[in-house]
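Novice: Quick one: this structure, given as structure tokens, is what I'll be asking you about.
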There are 2 protein chains.
Amino acid sequence: MDEIRIIQVGLGSIGKEIAKLAMEKGFKIIGAVDINPELVGKDLGEVLGKEETGVKISDSLKETLSKEADIVVNSSISWLEKLEPQITESVKAGKNFISTCEELVYPFPRYPEIAERIDRLAKENNVSVLGTGVNPGFVMDRLVLALAQNCKKINEIRVLRSGDASKRRLPFQKKVGIGMNLEEFKERLNRTGFGHVGLFESLRMVSDALDMKLDEIKEDIEPVCDGERVLGIKQTASGVIENKPVISLEFQMYAGAENKDVINIAGDPPINLEIKNGIQGDTATAAIIVNSIPNVAKARSGLLTVKDFV
Amino acid sequence: MDEIRIIQVGLGSIGKEIAKLAMEKGFKIIGAVDINPELVGKDLGEVLGKEETGVKISDSLKETLSKEADIVVNSSISWLEKLEPQITESVKAGKNFISTCEELVYPFPRYPEIAERIDRLAKENNVSVLGTGVNPGFVMDRLVLALAQNCKKINEIRVLRSGDASKRRLPFQKKVGIGMNLEEFKERLNRTGFGHVGLFESLRMVSDALDMKLDEIKEDIEPVCDGERVLGIKQTASGVIENKPVISLEFQMYAGAENKDVINIAGDPPINLEIKNGIQGDTATAAIIVNSIPNVAKARSGLLTVKDFV
């Protein structure tokens with residue numbers, strides 16, 4: 001394949017990791033977009049702590065999309081409703097689109113109309129759109145489905161992703177409530193942008209792929225505390241058939257939690273897997289995005305999911 | 001997709017597991033072939049311990065291929081040179097082809113000419129051909145490549161598949177030398193059909209996909225003994241760059257060995273995974289074959305590998 005030309009949109013910590021890795025892997029970043037006034041106008045290389053690149057960071061997606069590029073790599077936001085205008089603009093400009101947006105990983109059940117619009121538009125413009133990352137996008141869905149291929153029969157799937165939140169970057173710590181008191185935690189629960197986004201998406205990707213007809217999905221989020229002080233969160237989602245859980249996903253991220261990912265498939269054969277120390281989230285997400293770029297660039301057109309690559 | 005119609009070729013223990021599972025999963029077996037005189041002429045259902053199916057086991061592949069079917073499922077042999085005529089005949093009859101043949105899982109390095117012939121013929125006939133199974137086909141290659149997507153950088157990959165051979169079926173025990181004395185073991189080493197087939201294929205699939213330019217591949221096979229009595233084997237394959245192993249695959253299968261699969265990727269991030277009790281080989285191979293049938297039936301034409309589904 002010829003050199004792949006990228007427009008990087010979003011230069012937060014993950015976006016910077018993606019851009020650095022993409023350059024190291026030989027992709028060509030020909031445009032960069034961020035709305036942060038501290039970044040706009042600067043050379044991308046300077047922001048990445050690298051040599052000058054000649055690419056100036058722009059606050060205009062529209063202007064940047066007028067350049068020749070193969071794919072837009074977007075790490076700007078977790079929420080699909082807010083991302084949709086950016087997808088629309090990129091796809092209409094004839095660019096493939098890959099994003100860390102958690103809700104884009106499997107948008108069909110929660111946002112069927114947005115998903116359909118994106119799929120149609122992508123097909124009309126002969127490009128592909130994919131949301132991916134380590135979670136959602138790998139540990140709780142794609143890896144589970146790859147393992148499930150080994151089973152003649154599956155009775156129940158349980159996945160635990162556990163991590164010591166105190167070892168993660170600060171914005172992540174805030175997202176899981178570290179250092180709040182219980183009062184603040186409860187107040188924050190009612191706002192978006194709190195907790196982990198993606199359990200529902202992973203759960204439905206797995207249940208749909210394995211043709212499990214769920215009666216109900218139960219979701220829960222609670223604080224893990226030391227007295228009044230919040231150490232982090234436990235979030236769960238479980239898919240239920242006839243009052244029995246058939247898929248349970250548990251995400252726990254608090255100060256002092258063990259780092260590990262565990263998948264248990266009760267079936268024939270049973271599969272019980274543990275990833276010691278877990279898969280480090282930020283690094284892995286950047287890697288998955290960059291490693292997926294060639295696949296997305298050459299994939300069939302439309303709205304894809306990581307299921308297409310299982 | 002409409003009901004998928006299958007011709008099952010090879011009714012050894014794996015072939016029977018495949019046929020049973022395919023029927024349970026709602027595929028329609030419309031033909032069955034085996035050269036074993038004890039099976040020829042019998043109803044497939046009788047051989048599977050199920051109800052009568054109306055499908056009589058034939059010893060003629062040619063005759064059976066004249067029936068309308070979507071895919072040939074072949075579990076007749078591990079060796080590609082011996083399998084090629086069956087692939088050719090099936091593909092010319094317009095059938096997709098999936099097989100447990102270990103050497104078909106990644107035939108390009110060892111049999112480039114056969115691989116090219118199969119690929120060309122499959123494309124001419126607009127069908128696809130795939131070799132898969134649990135090993136090669138999953139634990140040491142496809143799963144490794146799926147995990148590798150999480151890494152920005154990989155320094156070294158080590159995979160161990162370890163199993164207690166005394167718990168496996170008799171033909172498998174013979175293949176790993178259980179109960180032989182050392183003399184017999186050494187004598188058998190010089191013949192084909194002994195030991196595990198597929199380490200080389202897995203190793204090259206991984207190194208090619210990750211663009212590792214190996215200087216050399218070292219392969220070794222040795223007995224595990226209790227005095228003069230052989231308990232099973234240890235087989236290794238390692239890919240070397242500048243005298244350092246970058247991929248090491250170890251397959252140990254002997255009476256009393258621990259059942260486990262272990263993957264260690266030294267990289268950024270590092271990934272260290274263990275599947276407790278391992279993935280049971282025969283059951284998982286039957287499952288992978290059956291679960292792959294719909295993918296193969298709708299895939300692009302040509303000679304595929306499981307890499308196409310990572």
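Quick note on naming: the chains in the structure tokens go A, B, ... in the order shown, residues restart at 1 in each chain, and ligands are numbered from 1 in order of appearance.
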For Ile217 of chain B, list every protein, DNA or RNA residue within 12 Å, evaluated using only C-alpha atoms, and leave out those in the same chain fewer than 5 positions away; present the list as a list in words.
Specialist: Pro109, Leu199, Phe200, Glu201, Ser202, Leu203, Arg204, Ser207, Met212, Thr236, Ala237, Ser238, Gly239, Val240, Ile241, Glu242, Asn243, Lys244, Pro245, Val246, Ile247, Ser248 and Leu249 of chain B
Novice: Could you please take those selected residues and save C-alpha atoms as a short mmCIF file (atom, residue, chain, number, x, y, z; two decimals), in the first residue's frame?
Specialist:
data_model
loop_
_atom_site.label_atom_id
_atom_site.label_comp_id
_atom_site.auth_asym_id
_atom_site.auth_seq_id
_atom_site.Cartn_x
_atom_site.Cartn_y
_atom_site.Cartn_z
CA PRO B 109 6.51 -20.21 3.03
CA LEU B 199 4.73 -24.72 14.75
CA PHE B 200 6.50 -23.52 11.63
CA GLU B 201 3.22 -22.35 10.10
CA SER B 202 2.20 -20.41 13.24
CA LEU B 203 5.61 -18.87 13.58
CA ARG B 204 5.75 -17.64 10.01
CA SER B 207 6.46 -13.03 11.92
CA MET B 212 9.72 -9.32 11.53
CA THR B 236 10.03 -25.89 19.76
CA ALA B 237 10.34 -23.43 16.93
CA SER B 238 12.03 -20.09 17.27
CA GLY B 239 12.56 -17.20 14.93
CA VAL B 240 15.89 -15.49 15.31
CA ILE B 241 17.13 -12.01 14.40
CA GLU B 242 20.81 -11.25 14.97
CA ASN B 243 21.21 -14.35 17.13
CA LYS B 244 18.37 -13.31 19.44
CA PRO B 245 15.08 -15.20 19.51
CA VAL B 246 12.19 -12.81 18.75
CA ILE B 247 9.48 -15.48 18.62
CA SER B 248 9.61 -18.77 20.48
CA LEU B 249 6.86 -21.33 20.28
#
Novice: Tell me, counting only C-alpha atoms, for each residue of chain B within 8 Å of chain A, which pair of atoms is nearest and how far apart they are in Å to one decimal, in rows ordered by chain and increasing number, as a Markdown table.
Specialist:
| residue | atom | partner | partner_atom | distance |
| --- | --- | --- | --- | --- |
| B:Leu21 | CA | A:Lys152 | CA | 7.0 |
| B:Val134 | CA | A:Asn150 | CA | 7.2 |
| B:Leu143 | CA | A:Ala146 | CA | 7.6 |
| B:Ala146 | CA | A:Leu143 | CA | 7.6 |
| B:Gln149 | CA | A:Ile288 | CA | 5.3 |
| B:Asn150 | CA | A:Ala284 | CA | 4.5 |
| B:Cys151 | CA | A:Ala287 | CA | 5.4 |
| B:Lys152 | CA | A:Ala287 | CA | 4.9 |
| B:Asp268 | CA | A:Thr283 | CA | 7.4 |
| B:Pro269 | CA | A:Gln280 | CA | 6.2 |
| B:Pro270 | CA | A:Ile279 | CA | 7.6 |
| B:Ile271 | CA | A:Ile279 | CA | 6.3 |
| B:Asn272 | CA | A:Ile275 | CA | 5.5 |
| B:Leu273 | CA | A:Ile275 | CA | 4.2 |
| B:Glu274 | CA | A:Glu274 | CA | 5.5 |
| B:Ile275 | CA | A:Leu273 | CA | 4.2 |
| B:Lys276 | CA | A:Asn272 | CA | 5.5 |
| B:Asn277 | CA | A:Asn272 | CA | 7.7 |
| B:Gly278 | CA | A:Ile271 | CA | 7.4 |
| B:Ile279 | CA | A:Ile271 | CA | 6.4 |
| B:Gln280 | CA | A:Pro269 | CA | 6.2 |
| B:Thr283 | CA | A:Pro269 | CA | 6.5 |
| B:Ala284 | CA | A:Asn150 | CA | 4.5 |
| B:Thr285 | CA | A:Asn150 | CA | 6.9 |
| B:Ala286 | CA | A:Lys152 | CA | 7.7 |
| B:Ala287 | CA | A:Lys152 | CA | 4.9 |
| B:Ile288 | CA | A:Asn150 | CA | 5.1 |
| B:Asn291 | CA | A:Gln149 | CA | 6.0 |
| B:Ser292 | CA | A:Gln149 | CA | 7.8 |
| B:Asp308 | CA | A:Phe309 | CA | 7.7 |
| B:Phe309 | CA | A:Val310 | CA | 5.1 |
| B:Val310 | CA | A:Val310 | CA | 5.0 |
Novice: Would you output that residue set with N, CA and C atoms, as an mmCIF file, in the first residue's frame?
Specialist:
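See out-v2.cif below for the written result:
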data_model
loop_
_atom_site.group_PDB
_atom_site.id
_atom_site.type_symbol
_atom_site.label_atom_id
_atom_site.label_comp_id
_atom_site.auth_asym_id
_atom_site.auth_seq_id
_atom_site.Cartn_x
_atom_site.Cartn_y
_atom_site.Cartn_z
ATOM 1 N N LEU B 21 -21.578 -31.247 15.352
ATOM 2 C CA LEU B 21 -21.783 -29.854 15.739
ATOM 3 C C LEU B 21 -22.449 -29.059 14.615
ATOM 4 N N VAL B 134 -7.418 -25.125 16.284
ATOM 5 C CA VAL B 134 -6.996 -24.444 17.504
ATOM 6 C C VAL B 134 -5.488 -24.225 17.520
ATOM 7 N N LEU B 143 -4.533 -15.691 17.985
ATOM 8 C CA LEU B 143 -4.672 -15.028 19.288
ATOM 9 C C LEU B 143 -3.477 -14.117 19.551
ATOM 10 N N ALA B 146 -3.976 -11.010 17.500
ATOM 11 C CA ALA B 146 -5.016 -10.140 18.070
ATOM 12 C C ALA B 146 -4.438 -9.360 19.250
ATOM 13 N N GLN B 149 -2.043 -6.404 18.473
ATOM 14 C CA GLN B 149 -2.643 -5.134 18.048
ATOM 15 C C GLN B 149 -2.620 -4.091 19.168
ATOM 16 N N ASN B 150 -2.506 -4.536 20.408
ATOM 17 C CA ASN B 150 -2.468 -3.625 21.552
ATOM 18 C C ASN B 150 -1.091 -3.014 21.803
ATOM 19 N N CYS B 151 -0.101 -3.430 21.046
ATOM 20 C CA CYS B 151 1.275 -3.025 21.342
ATOM 21 C C CYS B 151 1.806 -1.994 20.366
ATOM 22 N N LYS B 152 2.428 -0.964 20.936
ATOM 23 C CA LYS B 152 3.119 0.016 20.113
ATOM 24 C C LYS B 152 4.413 -0.577 19.578
ATOM 25 N N ASP B 268 5.583 -2.824 24.492
ATOM 26 C CA ASP B 268 4.980 -1.646 25.118
ATOM 27 C C ASP B 268 3.550 -1.504 24.609
ATOM 28 N N PRO B 269 2.520 -1.810 25.431
ATOM 29 C CA PRO B 269 2.645 -2.416 26.748
ATOM 30 C C PRO B 269 3.012 -3.896 26.652
ATOM 31 N N PRO B 270 3.566 -4.459 27.740
ATOM 32 C CA PRO B 270 3.761 -5.915 27.765
ATOM 33 C C PRO B 270 2.416 -6.602 27.958
ATOM 34 N N ILE B 271 2.272 -7.795 27.418
ATOM 35 C CA ILE B 271 1.024 -8.550 27.615
ATOM 36 C C ILE B 271 1.384 -9.964 28.049
ATOM 37 N N ASN B 272 0.879 -10.373 29.203
ATOM 38 C CA ASN B 272 1.191 -11.691 29.744
ATOM 39 C C ASN B 272 -0.100 -12.402 30.083
ATOM 40 N N LEU B 273 -0.375 -13.413 29.310
ATOM 41 C CA LEU B 273 -1.683 -14.055 29.374
ATOM 42 C C LEU B 273 -1.538 -15.532 29.673
ATOM 43 N N GLU B 274 -2.442 -16.039 30.476
ATOM 44 C CA GLU B 274 -2.472 -17.486 30.691
ATOM 45 C C GLU B 274 -3.900 -17.980 30.583
ATOM 46 N N ILE B 275 -4.065 -19.054 29.826
ATOM 47 C CA ILE B 275 -5.363 -19.723 29.770
ATOM 48 C C ILE B 275 -5.257 -20.950 30.654
ATOM 49 N N LYS B 276 -5.979 -20.903 31.788
ATOM 50 C CA LYS B 276 -5.881 -22.000 32.753
ATOM 51 C C LYS B 276 -6.485 -23.263 32.151
ATOM 52 N N ASN B 277 -5.811 -24.371 32.319
ATOM 53 C CA ASN B 277 -6.219 -25.662 31.738
ATOM 54 C C ASN B 277 -6.117 -25.679 30.212
ATOM 55 N N GLY B 278 -5.667 -24.585 29.609
ATOM 56 C CA GLY B 278 -5.509 -24.560 28.158
ATOM 57 C C GLY B 278 -6.847 -24.608 27.438
ATOM 58 N N ILE B 279 -6.791 -24.550 26.129
ATOM 59 C CA ILE B 279 -8.021 -24.721 25.341
ATOM 60 C C ILE B 279 -8.008 -26.151 24.827
ATOM 61 N N GLN B 280 -9.034 -26.912 25.191
ATOM 62 C CA GLN B 280 -9.067 -28.333 24.824
ATOM 63 C C GLN B 280 -9.053 -28.488 23.304
ATOM 64 N N THR B 283 -12.068 -30.577 20.801
ATOM 65 C CA THR B 283 -13.356 -29.893 20.868
ATOM 66 C C THR B 283 -13.256 -28.520 20.219
ATOM 67 N N ALA B 284 -12.191 -27.777 20.558
ATOM 68 C CA ALA B 284 -12.052 -26.419 20.042
ATOM 69 C C ALA B 284 -11.835 -26.421 18.534
ATOM 70 N N THR B 285 -11.100 -27.395 18.019
ATOM 71 C CA THR B 285 -10.889 -27.433 16.572
ATOM 72 C C THR B 285 -12.207 -27.660 15.844
ATOM 73 N N ALA B 286 -12.999 -28.581 16.348
ATOM 74 C CA ALA B 286 -14.320 -28.801 15.733
ATOM 75 C C ALA B 286 -15.143 -27.512 15.789
ATOM 76 N N ALA B 287 -15.098 -26.827 16.941
ATOM 77 C CA ALA B 287 -15.882 -25.598 17.099
ATOM 78 C C ALA B 287 -15.399 -24.509 16.140
ATOM 79 N N ILE B 288 -14.079 -24.328 16.064
ATOM 80 C CA ILE B 288 -13.540 -23.278 15.194
ATOM 81 C C ILE B 288 -13.913 -23.533 13.739
ATOM 82 N N ASN B 291 -17.690 -22.816 13.451
ATOM 83 C CA ASN B 291 -17.967 -21.384 13.617
ATOM 84 C C ASN B 291 -17.406 -20.543 12.463
ATOM 85 N N SER B 292 -16.420 -21.084 11.751
ATOM 86 C CA SER B 292 -15.830 -20.338 10.633
ATOM 87 C C SER B 292 -16.582 -20.534 9.321
ATOM 88 N N ASP B 308 -6.768 -13.125 7.974
ATOM 89 C CA ASP B 308 -7.824 -12.325 7.353
ATOM 90 C C ASP B 308 -8.965 -12.050 8.317
ATOM 91 N N PHE B 309 -8.997 -12.791 9.427
ATOM 92 C CA PHE B 309 -10.095 -12.614 10.387
ATOM 93 C C PHE B 309 -9.600 -12.078 11.730
ATOM 94 N N VAL B 310 -8.347 -11.573 11.776
ATOM 95 C CA VAL B 310 -7.827 -11.006 13.028
ATOM 96 C C VAL B 310 -8.339 -9.578 13.164
#
Novice: Using only C-alpha atoms for the distances, tell me which of B:Gly49, B:Pro37, B:Pro112, B:Gly131 is nearest to Val72 of chain B.
Specialist: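 Smallest distance to Val72 of chain B is found for B:Gly131.
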Novice: Given the choices A:Ser60, A:Ser301, A:Gln8, A:Ser162, which gets closest to Val40 of chain A if the distance is worked out from only C-alpha atoms?
Specialist: A:Ser60
Novice: Extract the full set of helix (DSSP H, G or I) residues from segment 98-176 of chain A according to DSSP on the backbone, and format it as a count of residues only.
Specialist: 32
Novice: Going by DSSP on the backbone, which residues of segment 115-213 of chain A come out as strand (DSSP E or B)? List them as a PyMOL selection string.
Specialist: chain A and resi 128-131+153-164+181
Novice: Please determine, counting only C-alpha atoms, which residue among B:Gly256, B:Gly45, B:Gly302, B:Gly54 has the shortest atom-to-atom distance to Ser166 of chain B.
Specialist: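 Looking only at the distances to Ser166 of chain B, the closest residue turns out to be B:Gly256.
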Novice: With only C-alpha atoms as the counted atoms, please give the residues lying no more than 12 Å from segment 179-188 of chain A, apart from itself and same-chain residues fewer than 6 positions off, as a list in words.
Specialist: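 Once the nearby chain positions are removed, what remains is Ala165, Ser166, Leu170, Gln173, Phe194, Gly195, Ile221, Glu222, Pro223, Val224, Cys225, Asp226, Gly227, Glu228, Arg229, Val230, Leu231, Gly232, Ile233, Tyr254 and Ala255 of chain A.
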Novice: Could those residues be written to a file, using C-alpha atoms, as a tab-separated table (two decimals), in the first residue's frame?
Specialist:
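The resulting file, result-v1.tsv, is reproduced below:
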chain	number	residue	atom	x	y	z
A	165	ALA	CA	-6.68	4.03	39.04
A	166	SER	CA	-4.06	5.83	41.13
A	170	LEU	CA	-5.16	12.70	36.16
A	173	GLN	CA	-8.60	9.61	37.86
A	194	PHE	CA	-18.42	10.38	34.51
A	195	GLY	CA	-17.39	6.76	34.80
A	221	ILE	CA	-22.25	2.00	39.01
A	222	GLU	CA	-21.08	2.46	42.57
A	223	PRO	CA	-18.21	4.10	44.40
A	224	VAL	CA	-15.41	2.20	46.13
A	225	CYS	CA	-14.69	4.08	49.33
A	226	ASP	CA	-12.28	4.41	52.20
A	227	GLY	CA	-14.69	5.89	54.74
A	228	GLU	CA	-16.14	9.01	53.13
A	229	ARG	CA	-13.30	9.29	50.61
A	230	VAL	CA	-13.93	7.87	47.13
A	231	LEU	CA	-11.13	5.63	45.79
A	232	GLY	CA	-12.76	4.95	42.45
A	233	ILE	CA	-15.59	2.99	40.90
A	254	TYR	CA	-9.93	2.39	42.02
A	255	ALA	CA	-6.84	3.29	43.98
Novice: Using only C-alpha atoms, can you tell me which of B:Met253, B:Leu304, B:Gly163, B:Leu39 comes closest to Leu130 of chain B?
Specialist: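 For Leu130 of chain B, the nearest of the candidates is B:Leu304.
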Novice: Neighbouring residues of Ser75 of chain A were defined as those with any atom within 12 Å, considering only C-alpha atoms; residues of the same chain fewer than 5 positions away were excluded. Please report them as a ChimeraX atom specification.
Specialist: /A:7-19,32-34,80,83,86-87,97-102,104,131-133,282,285-286,289-290
Novice: Could the residues in this selection be written to a file with C-alpha atoms, as a PDB file, in the first residue's frame?
Specialist:
ATOM      1  CA  ILE A   7      -5.474  13.991   9.608  1.00  0.00           C
ATOM      2  CA  GLN A   8      -5.270  13.821  13.410  1.00  0.00           C
ATOM      3  CA  VAL A   9      -8.239  15.402  15.180  1.00  0.00           C
ATOM      4  CA  GLY A  10      -7.924  15.831  18.944  1.00  0.00           C
ATOM      5  CA  LEU A  11      -4.554  16.313  20.610  1.00  0.00           C
ATOM      6  CA  GLY A  12      -5.305  15.393  24.209  1.00  0.00           C
ATOM      7  CA  SER A  13      -3.081  12.805  25.854  1.00  0.00           C
ATOM      8  CA  ILE A  14      -4.395   9.903  23.737  1.00  0.00           C
ATOM      9  CA  GLY A  15      -4.356  11.976  20.552  1.00  0.00           C
ATOM     10  CA  LYS A  16      -0.724  12.877  21.121  1.00  0.00           C
ATOM     11  CA  GLU A  17       0.199   9.252  21.743  1.00  0.00           C
ATOM     12  CA  ILE A  18      -1.585   8.270  18.531  1.00  0.00           C
ATOM     13  CA  ALA A  19       0.120  10.984  16.491  1.00  0.00           C
ATOM     14  CA  ALA A  32      -3.874  18.271  12.780  1.00  0.00           C
ATOM     15  CA  VAL A  33      -6.919  19.799  14.441  1.00  0.00           C
ATOM     16  CA  ASP A  34      -7.641  20.825  18.011  1.00  0.00           C
ATOM     17  CA  LEU A  80     -21.524   9.830  19.571  1.00  0.00           C
ATOM     18  CA  LEU A  83     -19.122  13.374  17.329  1.00  0.00           C
ATOM     19  CA  GLN A  86     -17.375  15.604  12.648  1.00  0.00           C
ATOM     20  CA  ILE A  87     -17.964  12.165  11.130  1.00  0.00           C
ATOM     21  CA  PHE A  97     -12.645   7.723   9.707  1.00  0.00           C
ATOM     22  CA  ILE A  98     -11.334   5.963  12.806  1.00  0.00           C
ATOM     23  CA  SER A  99     -12.003   7.079  16.342  1.00  0.00           C
ATOM     24  CA  THR A 100     -11.512   6.299  20.018  1.00  0.00           C
ATOM     25  CA  CYS A 101     -15.145   7.381  20.605  1.00  0.00           C
ATOM     26  CA  GLU A 102     -16.457   4.659  22.901  1.00  0.00           C
ATOM     27  CA  LEU A 104     -18.957   4.544  18.084  1.00  0.00           C
ATOM     28  CA  GLY A 131     -14.656   3.098  16.488  1.00  0.00           C
ATOM     29  CA  THR A 132     -12.119   1.084  18.464  1.00  0.00           C
ATOM     30  CA  GLY A 133      -9.808   1.032  21.461  1.00  0.00           C
ATOM     31  CA  ASP A 282      -3.927   4.445  27.147  1.00  0.00           C
ATOM     32  CA  THR A 285      -5.674   2.301  22.743  1.00  0.00           C
ATOM     33  CA  ALA A 286      -3.142   4.378  20.853  1.00  0.00           C
ATOM     34  CA  ILE A 289      -5.927   2.822  16.633  1.00  0.00           C
ATOM     35  CA  VAL A 290      -2.645   3.081  14.726  1.00  0.00           C
TER      36      VAL A 290
END
Novice: Tell me, as a list in words, which residues lie within 12 Å of Asp119 of chain B, counting only C-alpha atoms; anything in the same chain fewer than 3 positions away does not count.
Specialist: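 Near Asp119 of chain B, the qualifying residues are Glu84, Ile87, Thr88, Val91, Asn96, Phe97, Leu104, Pro107, Phe108, Pro112, Glu113, Ile114, Ala115, Glu116, Ala122, Lys123, Glu124, Asn125, Asn126, Val127, Ser128, Val129, Leu130, Arg300, Ser301, Gly302, Leu303, Leu304 and Thr305 of chain B.
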